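Novice: The structure is given below, and queries will be raised subsequently.
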Amino acid sequence: LFNEGQFEMATMCFEKAGDAHREKWARAAGLVATADLVISKNLELGKASLETASEIYESIGMHEKAATCYIKLGDYKKAG
């Protein structure tokens, strides 16, 4: 499901399986996908989704993914 871009369903499956790391990864990936879809129509929602995703990525040690979110937000200092 994750590889098919169905992040909400993947999140639920990982949660039920007790895999907290992959659950958070899927949740963050879903937030990034949401941000990519809505940021041109609803800037605040898009930014909020990217902020939350970056925090989740950092919490699970996926710093490159977090940096990508910060770059999309224009926060190059945090991305570094």
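FYI, nothing fancy with the structure tokens labels: chains A, B, ... in order, residues from 1 per chain, ligands from 1 as they appear.
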So that I can check the surroundings of Ala67 in chain A, please list as an MDAnalysis selection string every protein, DNA and RNA residue that reaches within 12 Å of it, counting only C-alpha atoms and ignoring chain neighbours fewer than 6 positions away.

Specialist: chainID A and resid 50:51 53:58 61 73:80

Novice: How about saving the chosen residues, N, CA and C atoms kept, as a short mmCIF file (atom, residue, chain, number, x, y, z; two decimals), in the first residue's frame?

Specialist:
data_model
loop_
_atom_site.label_atom_id
_atom_site.label_comp_id
_atom_site.auth_asym_id
_atom_site.auth_seq_id
_atom_site.Cartn_x
_atom_site.Cartn_y
_atom_site.Cartn_z
N LEU A 50 3.63 20.12 5.69
CA LEU A 50 5.07 19.94 5.53
C LEU A 50 5.80 20.08 6.87
N GLU A 51 5.36 21.00 7.70
CA GLU A 51 5.98 21.17 9.02
C GLU A 51 5.82 19.90 9.85
N ALA A 53 5.16 16.87 8.76
CA ALA A 53 5.92 15.78 8.14
C ALA A 53 7.40 15.87 8.49
N SER A 54 7.95 17.08 8.45
CA SER A 54 9.38 17.24 8.77
C SER A 54 9.67 16.83 10.21
N GLU A 55 8.77 17.17 11.13
CA GLU A 55 8.95 16.79 12.53
C GLU A 55 8.89 15.27 12.70
N ILE A 56 7.98 14.63 11.99
CA ILE A 56 7.86 13.18 12.07
C ILE A 56 9.12 12.53 11.49
N TYR A 57 9.56 13.00 10.33
CA TYR A 57 10.76 12.45 9.73
C TYR A 57 11.96 12.58 10.67
N GLU A 58 12.10 13.73 11.30
CA GLU A 58 13.21 13.92 12.24
C GLU A 58 13.11 12.95 13.40
N GLY A 61 14.50 9.62 12.49
CA GLY A 61 15.86 9.60 11.97
C GLY A 61 15.99 9.71 10.46
N LEU A 73 9.54 24.32 2.23
CA LEU A 73 9.03 25.42 3.04
C LEU A 73 9.86 26.69 2.90
N GLY A 74 11.02 26.56 2.27
CA GLY A 74 11.91 27.70 2.12
C GLY A 74 12.77 27.95 3.34
N ASP A 75 12.81 26.99 4.25
CA ASP A 75 13.60 27.11 5.48
C ASP A 75 14.93 26.39 5.28
N TYR A 76 15.84 27.06 4.59
CA TYR A 76 17.10 26.43 4.20
C TYR A 76 18.05 26.24 5.39
N LYS A 77 17.89 27.06 6.40
CA LYS A 77 18.73 26.92 7.59
C LYS A 77 18.43 25.60 8.30
N LYS A 78 17.15 25.30 8.49
CA LYS A 78 16.76 24.04 9.12
C LYS A 78 17.11 22.86 8.21
N ALA A 79 16.99 23.04 6.93
CA ALA A 79 17.31 21.96 5.98
C ALA A 79 18.78 21.57 6.10
N GLY A 80 19.63 22.56 6.36
CA GLY A 80 21.07 22.30 6.49
C GLY A 80 21.36 21.53 7.73
#

Novice: What gap, in Å, lies between CA of Arg27 in chain A and CA of Ala10 in chain A?

Specialist: 8.3 Å

Novice: Taking the DSSP assignment computed from this structure's backbone, write out as a VMD selection string all residues of chain A that belong to alpha helix (DSSP H).

Specialist: chain A and resid 7 to 17 20 to 38 43 to 59 63 to 73 76 to 79

Novice: Let me make sure I understand: among A:Phe14, A:Lys47, A:His21, A:Phe7, which one has the smallest atom-to-atom distance to Ala35 in chain A if we use only C-alpha atoms?

Specialist: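 For Ala35 in chain A, the nearest of the given residues is A:Lys47.
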
Novice: Have a look at A:Ala26, A:Ile60, A:Leu31, A:Leu43 and name the one nearest to Phe2 in chain A; count only C-alpha atoms.

Specialist: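 Ranking A:Ala26, A:Ile60, A:Leu31, A:Leu43 by distance to Phe2 in chain A, first place goes to A:Ala26.
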
Novice: When you count only C-alpha atoms, which of these residues is closest to Arg22 in chain A: A:Leu1, A:Leu37, A:Ile71, A:Ala48?

Specialist: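 Looking at the shortest contact to Arg22 in chain A, the residue is A:Leu1.
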